[in-house]
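Here is upload_22.txt, consisting of compact mmCIF, C-alpha atoms:
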```txt
# COMPACT_ATOMS: atom_id res chain seq x y z
CA MET A 1 89.13 48.12 179.85
CA PRO A 2 91.55 45.40 180.99
CA ARG A 3 95.02 46.66 181.76
CA ALA A 4 97.76 46.51 179.14
CA ASN A 5 99.63 43.23 178.99
CA SER A 6 102.80 42.45 177.04
CA ASN A 7 102.44 38.67 177.37
CA LEU A 8 102.10 37.15 173.89
CA LEU A 9 99.69 34.44 175.06
CA VAL A 10 97.38 36.93 176.78
CA GLN A 11 97.47 39.25 173.76
CA SER A 12 96.67 36.32 171.46
CA LEU A 13 93.78 35.12 173.61
CA ARG A 14 92.40 38.65 173.69
CA GLY A 15 92.72 38.70 169.91
CA THR A 16 90.71 35.49 169.78
CA SER A 17 87.99 37.06 171.92
CA GLN A 18 87.98 40.22 169.77
CA VAL A 19 86.28 38.30 166.97
CA PHE A 20 83.15 38.95 169.03
CA PHE A 21 84.37 42.42 170.14
CA MET A 22 85.46 41.22 173.59
CA GLU A 23 88.77 41.97 175.30
CA ASN A 24 88.97 39.04 177.67
CA ALA A 25 91.59 36.29 177.71
CA LEU A 26 89.23 33.85 179.49
CA THR A 27 86.69 34.42 176.73
CA GLY A 28 89.45 33.63 174.25
CA VAL A 29 90.14 30.36 176.08
CA LEU A 30 86.47 29.41 175.81
CA PHE A 31 86.46 30.24 172.10
CA PHE A 32 89.39 27.88 171.59
CA ALA A 33 87.55 25.28 173.66
CA ALA A 34 84.61 25.63 171.27
CA MET A 35 86.92 25.11 168.29
CA ALA A 36 88.59 22.13 169.96
CA TYR A 37 85.22 20.52 170.67
CA ALA A 38 84.16 20.86 167.03
CA SER A 39 87.52 19.43 165.91
CA SER A 40 87.18 16.46 168.28
CA VAL A 41 83.75 15.66 166.85
CA THR A 42 84.88 15.81 163.22
CA GLY A 43 88.34 14.40 163.82
CA ASN A 44 89.80 17.31 161.82
CA TRP A 45 92.06 19.49 163.95
CA ALA A 46 93.32 21.67 161.11
CA THR A 47 90.88 24.50 161.88
CA THR A 48 91.84 24.71 165.56
CA VAL A 49 95.57 24.44 164.85
CA GLY A 50 95.25 26.96 162.02
CA ALA A 51 93.42 29.41 164.28
CA ALA A 52 96.18 29.13 166.90
CA ILE A 53 98.88 29.70 164.30
CA GLY A 54 96.94 32.58 162.78
CA VAL A 55 96.43 34.57 165.96
CA LEU A 56 100.01 34.01 167.13
CA VAL A 57 101.50 35.05 163.78
CA ALA A 58 99.22 38.08 163.46
CA THR A 59 100.03 39.26 166.98
CA LEU A 60 103.76 38.65 166.55
CA THR A 61 103.71 40.55 163.26
CA ALA A 62 102.09 43.53 164.98
CA ARG A 63 104.75 43.47 167.68
CA LEU A 64 107.60 43.19 165.16
CA LEU A 65 106.18 46.07 163.12
CA GLU A 66 105.86 48.09 166.36
CA CYS A 67 102.18 48.73 165.86
CA ASP A 68 100.20 50.73 168.41
CA ASP A 69 100.96 49.10 171.79
CA PRO A 70 97.51 49.52 173.39
CA SER A 71 95.85 48.05 170.30
CA VAL A 72 98.26 45.10 170.24
CA SER A 73 97.69 44.49 173.95
CA SER A 74 93.93 44.60 173.44
CA GLY A 75 94.11 41.96 170.74
CA LEU A 76 93.00 44.27 167.96
CA TYR A 77 95.73 43.00 165.64
CA GLY A 78 94.96 39.34 166.32
CA PHE A 79 91.31 38.72 165.55
CA ASN A 80 91.64 38.90 161.77
CA GLY A 81 94.58 36.52 161.94
CA VAL A 82 92.71 33.93 163.97
CA LEU A 83 89.88 33.99 161.43
CA VAL A 84 92.33 33.59 158.54
CA GLY A 85 93.87 30.62 160.35
CA ALA A 86 90.47 29.01 160.90
CA ALA A 87 89.13 29.75 157.43
CA LEU A 88 91.90 28.52 155.15
CA PRO A 89 91.89 24.90 156.43
CA THR A 90 88.10 24.95 156.09
CA PHE A 91 88.26 25.59 152.35
CA ILE A 92 91.72 24.29 151.39
CA ALA A 93 92.98 20.74 151.88
CA ALA A 94 95.81 20.17 154.36
CA SER A 95 99.29 20.28 152.86
CA PRO A 96 102.65 21.92 153.66
CA GLN A 97 101.66 24.73 151.32
CA LEU A 98 98.44 25.30 153.29
CA TRP A 99 100.35 25.91 156.53
CA ALA A 100 102.69 28.29 154.71
CA SER A 101 99.62 30.09 153.35
CA ILE A 102 98.19 30.47 156.86
CA VAL A 103 101.40 32.07 158.12
CA ILE A 104 101.57 34.41 155.12
CA GLY A 105 97.87 35.27 155.27
CA ALA A 106 97.89 35.89 159.03
CA ALA A 107 100.91 38.18 158.77
CA ALA A 108 99.32 40.03 155.85
CA SER A 109 96.08 40.45 157.81
CA THR A 110 97.98 42.52 160.36
CA VAL A 111 99.27 44.82 157.63
CA PHE A 112 95.76 45.03 156.15
CA THR A 113 94.35 45.83 159.60
CA ALA A 114 96.78 48.73 159.93
CA ALA A 115 95.87 49.89 156.41
CA PHE A 116 92.13 49.81 157.17
CA SER A 117 92.78 51.73 160.40
CA ALA A 118 94.81 54.40 158.59
CA THR A 119 92.20 54.89 155.87
CA LEU A 120 88.66 53.72 156.63
CA THR A 121 88.86 54.40 160.36
CA GLY A 122 91.21 57.39 160.29
CA LYS A 123 89.30 59.31 157.62
CA TRP A 124 85.68 58.29 158.14
CA GLY A 125 85.57 56.85 161.65
CA ILE A 126 84.32 53.46 160.39
CA PRO A 127 85.88 50.47 162.20
CA GLY A 128 87.74 48.05 159.95
CA SER A 129 86.47 45.09 162.00
CA THR A 130 86.75 41.82 160.03
CA GLY A 131 87.22 43.59 156.70
CA PRO A 132 90.93 42.65 156.60
CA PHE A 133 90.01 38.99 157.18
CA VAL A 134 87.51 39.03 154.32
CA LEU A 135 90.02 40.61 151.94
CA THR A 136 92.80 38.22 152.99
CA GLY A 137 90.54 35.17 152.86
CA TRP A 138 89.21 36.00 149.41
CA LEU A 139 92.68 36.55 148.01
CA MET A 140 94.16 33.40 149.55
CA VAL A 141 91.30 31.08 148.53
CA ALA A 142 91.11 32.55 145.02
CA ALA A 143 94.87 32.23 144.64
CA ALA A 144 94.68 28.57 145.64
CA TYR A 145 93.00 27.82 142.31
CA SER A 146 96.22 28.96 140.61
CA PHE A 147 98.62 26.80 142.63
CA GLY A 148 99.07 23.06 142.24
CA GLY A 149 100.17 22.73 145.85
CA LEU A 150 96.80 23.97 147.14
CA HIS A 151 93.50 22.17 146.61
CA VAL A 152 90.26 24.06 147.23
CA THR A 153 87.73 21.74 148.89
CA GLY A 154 84.80 24.16 149.04
CA ASP A 155 81.87 24.35 146.64
CA ALA A 156 82.75 24.55 142.96
CA PRO A 157 82.10 27.85 141.18
CA LYS A 158 78.50 28.20 139.96
CA LEU A 159 76.45 30.85 138.20
CA ALA A 160 73.50 32.67 139.73
CA GLY A 161 71.15 30.75 137.43
CA ASP A 162 72.26 27.50 139.07
CA VAL A 163 70.83 28.56 142.43
CA ALA A 164 67.43 26.91 142.84
CA PRO A 165 64.63 28.69 144.74
CA ASN A 166 63.70 27.13 148.05
CA LEU A 167 60.40 26.62 149.77
CA THR A 168 60.55 25.07 153.20
CA GLY A 169 58.48 24.69 156.31
CA ILE A 170 59.44 25.59 159.86
CA PRO A 171 62.05 23.19 161.32
CA ALA A 172 61.24 21.15 164.41
CA PRO A 173 61.76 22.89 167.78
CA MET A 174 65.01 21.03 168.58
CA ASP A 175 66.32 21.84 165.12
CA LEU A 176 65.55 25.51 165.75
CA VAL A 177 67.56 25.39 168.97
CA ALA A 178 70.49 23.82 167.14
CA ILE A 179 70.30 26.44 164.36
CA PHE A 180 70.23 29.20 166.97
CA PHE A 181 73.57 28.11 168.41
CA ARG A 182 75.13 27.16 165.06
CA ASN A 183 74.51 30.74 163.91
CA ILE A 184 76.89 31.86 166.65
CA ALA A 185 79.40 29.03 166.14
CA GLN A 186 79.72 29.72 162.41
CA VAL A 187 81.47 33.02 163.12
CA TYR A 188 84.43 30.71 163.78
CA LEU A 189 83.38 28.47 160.85
CA LEU A 190 82.11 25.81 163.25
CA GLY A 191 79.03 23.71 162.50
CA SER A 192 78.56 22.52 166.09
CA ALA A 193 75.66 23.74 168.21
CA VAL A 194 77.60 22.80 171.35
CA SER A 195 80.44 25.06 170.18
CA GLY A 196 77.87 27.83 169.83
CA VAL A 197 76.79 27.32 173.44
CA ILE A 198 80.41 27.58 174.61
CA ILE A 199 81.03 30.71 172.54
CA LEU A 200 77.87 32.41 173.81
CA ALA A 201 78.95 31.60 177.37
CA GLY A 202 82.31 33.19 176.63
CA ILE A 203 80.61 36.35 175.37
CA LEU A 204 78.34 36.55 178.41
CA ILE A 205 81.34 36.24 180.74
CA ALA A 206 82.83 39.33 179.15
CA SER A 207 79.62 41.31 178.56
CA VAL A 208 75.97 40.49 179.23
CA PRO A 209 74.63 43.18 176.83
CA ALA A 210 76.85 41.81 174.06
CA GLY A 211 75.62 38.29 174.76
CA ILE A 212 72.01 39.46 174.57
CA ALA A 213 72.74 41.20 171.26
CA ALA A 214 74.37 38.05 169.88
CA ALA A 215 71.35 35.98 170.88
CA ALA A 216 68.97 38.52 169.36
CA GLY A 217 70.95 38.57 166.13
CA SER A 218 70.82 34.78 165.89
CA LEU A 219 67.08 34.68 166.55
CA ILE A 220 66.26 37.47 164.08
CA SER A 221 68.37 35.97 161.31
CA MET A 222 66.81 32.54 161.81
CA ILE A 223 63.27 33.94 161.58
CA VAL A 224 64.02 36.03 158.49
CA ALA A 225 65.93 33.30 156.64
CA ILE A 226 63.18 30.72 157.22
CA ALA A 227 60.40 33.18 156.38
CA MET A 228 62.11 34.17 153.11
CA GLY A 229 62.61 30.54 152.06
CA ALA A 230 66.40 30.47 152.19
CA ASP A 231 68.24 27.23 151.38
CA PRO A 232 67.18 24.87 154.21
CA LYS A 233 70.59 23.18 154.30
CA ALA A 234 72.41 26.51 154.64
CA VAL A 235 69.96 27.70 157.30
CA SER A 236 70.37 24.45 159.23
CA GLN A 237 74.16 24.80 159.19
CA GLY A 238 73.96 28.35 160.56
CA LEU A 239 75.29 29.92 157.37
CA TYR A 240 72.60 32.61 157.29
CA GLY A 241 73.12 33.60 160.89
CA PHE A 242 76.75 34.29 161.69
CA SER A 243 77.04 37.66 159.93
CA PRO A 244 73.74 38.95 161.41
CA VAL A 245 75.00 37.95 164.87
CA LEU A 246 78.04 40.19 164.39
CA THR A 247 75.89 43.00 162.96
CA ALA A 248 73.52 42.93 165.93
CA MET A 249 76.45 43.17 168.33
CA ALA A 250 78.36 45.81 166.38
CA VAL A 251 75.48 48.17 165.66
CA GLY A 252 73.48 47.47 168.81
CA VAL A 253 76.05 47.65 171.61
CA VAL A 254 79.61 48.14 170.38
CA PHE A 255 79.93 51.04 167.93
CA LEU A 256 76.81 53.03 168.80
CA THR A 257 75.64 54.14 172.24
CA PRO A 258 72.92 51.64 173.28
CA SER A 259 69.39 53.01 173.52
CA PRO A 260 65.89 51.86 172.50
CA ARG A 261 66.25 53.69 169.20
CA VAL A 262 69.63 52.12 168.53
CA ALA A 263 68.09 48.70 169.28
CA VAL A 264 65.50 49.26 166.54
CA TYR A 265 68.21 50.53 164.19
CA ALA A 266 70.34 47.47 164.94
CA GLY A 267 67.32 45.25 164.28
CA LEU A 268 66.95 46.76 160.82
CA ALA A 269 70.67 46.28 160.17
CA THR A 270 70.42 42.65 161.30
CA VAL A 271 67.50 41.91 158.99
CA MET A 272 69.29 43.62 156.11
CA THR A 273 72.37 41.49 156.74
CA VAL A 274 70.34 38.34 155.95
CA PHE A 275 69.48 39.81 152.54
CA VAL A 276 73.08 40.90 151.97
CA GLN A 277 74.16 37.36 152.89
CA GLY A 278 71.91 35.91 150.23
CA ALA A 279 73.06 38.45 147.67
CA LEU A 280 76.78 38.05 148.27
CA ASP A 281 76.56 34.26 148.37
CA VAL A 282 75.22 34.39 144.82
CA MET A 283 77.64 37.11 143.69
CA VAL A 284 80.85 35.39 144.87
CA ALA A 285 79.79 31.86 143.88
CA PRO A 286 81.03 32.17 140.26
CA ALA A 287 84.50 32.90 141.65
CA GLY A 288 84.40 29.79 143.82
CA ILE A 289 85.06 31.72 147.03
CA PRO A 290 82.94 31.93 150.20
CA SER A 291 81.41 35.20 151.35
CA PHE A 292 83.03 34.85 154.80
CA THR A 293 81.88 37.75 157.02
CA ALA A 294 81.54 40.16 154.07
CA PRO A 295 77.74 40.51 154.58
CA TYR A 296 78.38 41.73 158.13
CA VAL A 297 81.26 43.98 157.05
CA LEU A 298 79.33 45.67 154.24
CA THR A 299 76.16 46.14 156.30
CA MET A 300 78.05 47.38 159.36
CA TYR A 301 80.06 49.88 157.31
CA LEU A 302 76.88 51.30 155.76
CA PHE A 303 74.97 51.47 159.04
CA ILE A 304 77.85 52.92 161.05
CA ALA A 305 78.92 55.53 158.48
CA PRO A 306 75.87 57.81 159.11
CA LYS A 307 76.14 57.51 162.91
CA LYS A 308 76.36 61.28 163.42
CA LEU A 309 73.78 62.76 161.06
CA MET A 310 71.25 61.10 158.82
CA ALA A 311 70.46 63.99 156.45
CA PRO A 312 70.10 63.07 152.77
CA HIS A 313 71.48 65.57 150.24
CA PRO A 314 70.39 68.29 149.40
CA HIS A 315 68.44 68.82 152.61
CA GLY A 316 69.82 71.14 155.25
CA PRO A 317 71.85 69.92 158.21
CA VAL A 318 70.05 68.09 160.98
CA ALA A 319 70.38 69.65 164.41
CA ASP A 320 70.45 66.44 166.41
CA PRO A 321 72.18 63.15 165.66
CA MET A 322 69.63 60.50 164.81
CA ILE A 323 71.39 57.71 166.60
CA ASP A 324 73.20 59.23 169.55
CA ASP A 325 70.84 61.59 171.39
CA GLN A 326 73.53 62.99 173.67
CA GLY A 327 75.84 63.87 170.81
CA LYS A 328 78.53 61.66 172.28
CA ALA A 329 81.01 59.72 170.24
CA PRO A 330 79.87 56.14 169.61
CA GLY A 331 80.80 53.99 172.53
CA LYS A 332 81.39 50.41 173.48
CA VAL A 333 80.18 47.87 175.95
CA SER A 334 81.44 49.44 179.15
CA GLY A 335 84.71 47.94 180.23
CA LYS A 336 84.28 44.92 178.00
CA ALA A 337 84.32 45.63 174.29
CA PRO A 338 86.93 48.05 172.94
CA VAL A 339 86.27 49.74 169.64
CA HIS A 340 87.26 47.37 166.85
CA ALA A 341 89.72 49.68 165.12
CA ALA A 342 93.39 49.30 165.85
CA GLY A 343 95.33 52.41 166.71
CA THR A 344 92.34 54.70 167.20
CA ALA A 345 91.24 56.67 170.25
CA ARG A 346 88.55 55.00 172.31
```
Once more with this new file: its structure as structure tokens, please.
Amino acid sequence: MPRANSNLLVQSLRGTSQVFFMENALTGVLFFAAMAYASSVTGNWATTVGAAIGVLVATLTARLLECDDPSVSSGLYGFNGVLVGAALPTFIAASPQLWASIVIGAAASTVFTAAFSATLTGKWGIPGSTGPFVLTGWLMVAAAYSFGGLHVTGDAPKLAGDVAPNLTGIPAPMDLVAIFFRNIAQVYLLGSAVSGVIILAGILIASVPAGIAAAAGSLISMIVAIAMGADPKAVSQGLYGFSPVLTAMAVGVVFLTPSPRVAVYAGLATVMTVFVQGALDVMVAPAGIPSFTAPYVLTMYLFIAPKKLMAPHPHGPVADPMIDDQGKAPGKVSGKAPVHAAGTAR
């Protein structure tokens, strides 16, 4: 694990890298480079600026509230804030009220992160991960419909019956390559394949196993989404891939001790995340809010919760853990990816 650092910039860059479970300031720089590239292509810098504000505010809030120092130094109080800062300008039009909302949402995400750590992580050992971002994002976007100073630019609310079934062929090879990298870029709400290349490079700099898991998650999600006839436009934009990418990394190399059996388990979780993505997209559509990383969060929670024993009631206790053959506590990518739960022992 990198040594503790009290520099706000380093802590914020580590928080940026923690979106992909990394604790590496250089990786954070590359992630911002990916956002900046996407902004330069679209001419809309609100997402990049919002992400910078979000991670700085979230990290500063953690410092002011005197949250756990090692967790703050590792960036574990910043990654939800950077996602809030990137997400709100994506779905809400720029205005003075938007920037105020980003500051408020980023600060609240730090409080929510501490709350998730004290409850979900403290009681059940399940990492909060991007759960605080999802909760904050849903509340802020939904609230925007109530305020005249905020204009939601995302898709209008629609009922499940309005979703048309899709039948599509296999995209051309170059399109498949672009989808592969967009799946990774969309974790930061970026539709640029080049940004996905930069982000994957940043992950590989910090951890090769994590980079391999991210690539595997992108590939699996692409195959499943196309095979199941998901919306071709959504697939092309990478919207069926970003949550599975996070699931593959979280279950495969971050929160469980890597092994061949864990790889198979992570593969199942990744495939399931594609189905959860489709389900939640339909379920939240009537409210006019995006699913964000909720498909990853829900799937990861359910697949990490039984990490010790997998014995269904009322059967007797199982002698050996199904996932971790050595009986060790779930680990992380050695020296690269700290457990994604602020204030917990690692």
Out of A:Ala215, A:Ala108, A:Ala34, A:Val29, which residue has the shortest atom-to-atom distance to Val194 of chain A when counting only C-alpha atoms?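 Checking each of A:Ala215, A:Ala108, A:Ala34, A:Val29 against Val194 of chain A, counting only C-alpha atoms, the winner is A:Ala34.
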Could you check which of A:Leu280, A:Leu83, A:Val57, A:Leu200 is closest to Ala107 of chain A, using all atoms listed in the file?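 Closest to Ala107 of chain A of all the choices is A:Val57.
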Would you please work out which residue, of A:Pro286, A:Ser243, A:Val276, A:Tyr265, is nearest to Phe303 of chain A when using all atoms listed in the file?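 Ranked by minimum distance to Phe303 of chain A, first place goes to A:Tyr265.
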Between A:Val152, A:Ala93, A:Ile53, A:Met300, single out the one closest to Phe255 of chain A, counting all atoms listed in the file.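 Once distances to Phe255 of chain A are computed over all atoms listed in the file, the minimum belongs to A:Met300.
Each of A:Ser101, A:Ser74, A:Ser259, A:Thr121 was compared to Leu139 of chain A using all atoms listed in the file, and A:Ser101 turns out to be the nearest.
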Closest to Pro209 of chain A among A:Leu9, A:Ala38, A:Ala263, A:Ile184, using only C-alpha atoms?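 Using only C-alpha atoms, the shortest distance to Pro209 of chain A belongs to A:Ala263.
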May I ask for the distance between atom CA of Ala100 of chain A and atom CA of Leu298 of chain A, given in Å to one decimal place? 29.1 Å
Please work out which residues fall within 10 Å of (94.8, 26.8, 157.2), coordinates as given in the file, with only C-alpha atoms counting, and return them as a PDB file with C-alpha atoms, in the coordinates of the input.
```
ATOM      1  CA  ALA A  46      93.320  21.670 161.110  1.00  0.00           C
ATOM      2  CA  THR A  47      90.880  24.500 161.880  1.00  0.00           C
ATOM      3  CA  THR A  48      91.840  24.710 165.560  1.00  0.00           C
ATOM      4  CA  VAL A  49      95.570  24.440 164.850  1.00  0.00           C
ATOM      5  CA  GLY A  50      95.250  26.960 162.020  1.00  0.00           C
ATOM      6  CA  ALA A  51      93.420  29.410 164.280  1.00  0.00           C
ATOM      7  CA  ILE A  53      98.880  29.700 164.300  1.00  0.00           C
ATOM      8  CA  GLY A  54      96.940  32.580 162.780  1.00  0.00           C
ATOM      9  CA  LEU A  83      89.880  33.990 161.430  1.00  0.00           C
ATOM     10  CA  VAL A  84      92.330  33.590 158.540  1.00  0.00           C
ATOM     11  CA  GLY A  85      93.870  30.620 160.350  1.00  0.00           C
ATOM     12  CA  ALA A  86      90.470  29.010 160.900  1.00  0.00           C
ATOM     13  CA  ALA A  87      89.130  29.750 157.430  1.00  0.00           C
ATOM     14  CA  LEU A  88      91.900  28.520 155.150  1.00  0.00           C
ATOM     15  CA  PRO A  89      91.890  24.900 156.430  1.00  0.00           C
ATOM     16  CA  THR A  90      88.100  24.950 156.090  1.00  0.00           C
ATOM     17  CA  PHE A  91      88.260  25.590 152.350  1.00  0.00           C
ATOM     18  CA  ILE A  92      91.720  24.290 151.390  1.00  0.00           C
ATOM     19  CA  ALA A  93      92.980  20.740 151.880  1.00  0.00           C
ATOM     20  CA  ALA A  94      95.810  20.170 154.360  1.00  0.00           C
ATOM     21  CA  SER A  95      99.290  20.280 152.860  1.00  0.00           C
ATOM     22  CA  PRO A  96     102.650  21.920 153.660  1.00  0.00           C
ATOM     23  CA  GLN A  97     101.660  24.730 151.320  1.00  0.00           C
ATOM     24  CA  LEU A  98      98.440  25.300 153.290  1.00  0.00           C
ATOM     25  CA  TRP A  99     100.350  25.910 156.530  1.00  0.00           C
ATOM     26  CA  ALA A 100     102.690  28.290 154.710  1.00  0.00           C
ATOM     27  CA  SER A 101      99.620  30.090 153.350  1.00  0.00           C
ATOM     28  CA  ILE A 102      98.190  30.470 156.860  1.00  0.00           C
ATOM     29  CA  VAL A 103     101.400  32.070 158.120  1.00  0.00           C
ATOM     30  CA  GLY A 105      97.870  35.270 155.270  1.00  0.00           C
ATOM     31  CA  ALA A 106      97.890  35.890 159.030  1.00  0.00           C
TER      32      ALA A 106
END
```
For Ser109 of chain A: contacts at 6 Å, all atoms listed in the file, fewer than 3 positions along chain excluded, given as an MDAnalysis selection string: chainID A and resid 81 106 112:113 132
Any idea what the distance is between atom CA of Val141 of chain A and atom CA of Asn80 of chain A? 15.4 Å
Would you kindly return, as a ChimeraX atom specification, each protein, DNA or RNA residue with an atom no farther than 9 Å from any atom of segment 142-146 of chain A, considering all atoms listed in the file and excluding same-chain residues fewer than 5 positions away? /A:92,137,151-152,287-289
Given the point (80.2, 54.2, 155.2) in the file's coordinates, find the residues that have an atom at most 12 Å from it, counting only C-alpha atoms, and give them as a ChimeraX atom specification. /A:120-121,123-128,297-308,310
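Around segment 293-295 of chain A, within 9 Å and counting all atoms listed in the file, the residues found are Thr130, Gly131, Phe133, Val134, Leu135, Val187, Phe242, Ser243, Pro244, Leu246, Thr247, Thr273, Val274, Phe275, Val276, Gln277, Gly278, Ala279, Leu280, Asp281, Ser291, Val297, Leu298, Thr299 and Met300 of chain A, once anything fewer than 2 positions away on its own chain is removed.
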Output C-alpha atoms for every residue in the selection just made, as a short mmCIF file (atom, residue, chain, number, x, y, z; two decimals), in the coordinates of the input.
```cif
data_model
loop_
_atom_site.label_atom_id
_atom_site.label_comp_id
_atom_site.auth_asym_id
_atom_site.auth_seq_id
_atom_site.Cartn_x
_atom_site.Cartn_y
_atom_site.Cartn_z
CA THR A 130 86.75 41.82 160.03
CA GLY A 131 87.22 43.59 156.70
CA PHE A 133 90.01 38.99 157.18
CA VAL A 134 87.51 39.03 154.32
CA LEU A 135 90.02 40.61 151.94
CA VAL A 187 81.47 33.02 163.12
CA PHE A 242 76.75 34.29 161.69
CA SER A 243 77.04 37.66 159.93
CA PRO A 244 73.74 38.95 161.41
CA LEU A 246 78.04 40.19 164.39
CA THR A 247 75.89 43.00 162.96
CA THR A 273 72.37 41.49 156.74
CA VAL A 274 70.34 38.34 155.95
CA PHE A 275 69.48 39.81 152.54
CA VAL A 276 73.08 40.90 151.97
CA GLN A 277 74.16 37.36 152.89
CA GLY A 278 71.91 35.91 150.23
CA ALA A 279 73.06 38.45 147.67
CA LEU A 280 76.78 38.05 148.27
CA ASP A 281 76.56 34.26 148.37
CA SER A 291 81.41 35.20 151.35
CA VAL A 297 81.26 43.98 157.05
CA LEU A 298 79.33 45.67 154.24
CA THR A 299 76.16 46.14 156.30
CA MET A 300 78.05 47.38 159.36
#
```
What separation in Å, quoted to one decimal, exists between atom CA of Ala58 of chain A and atom CA of Tyr77 of chain A?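 Taking atom CA of Ala58 of chain A as the start and atom CA of Tyr77 of chain A as the end point, the length is 6.4 Å.
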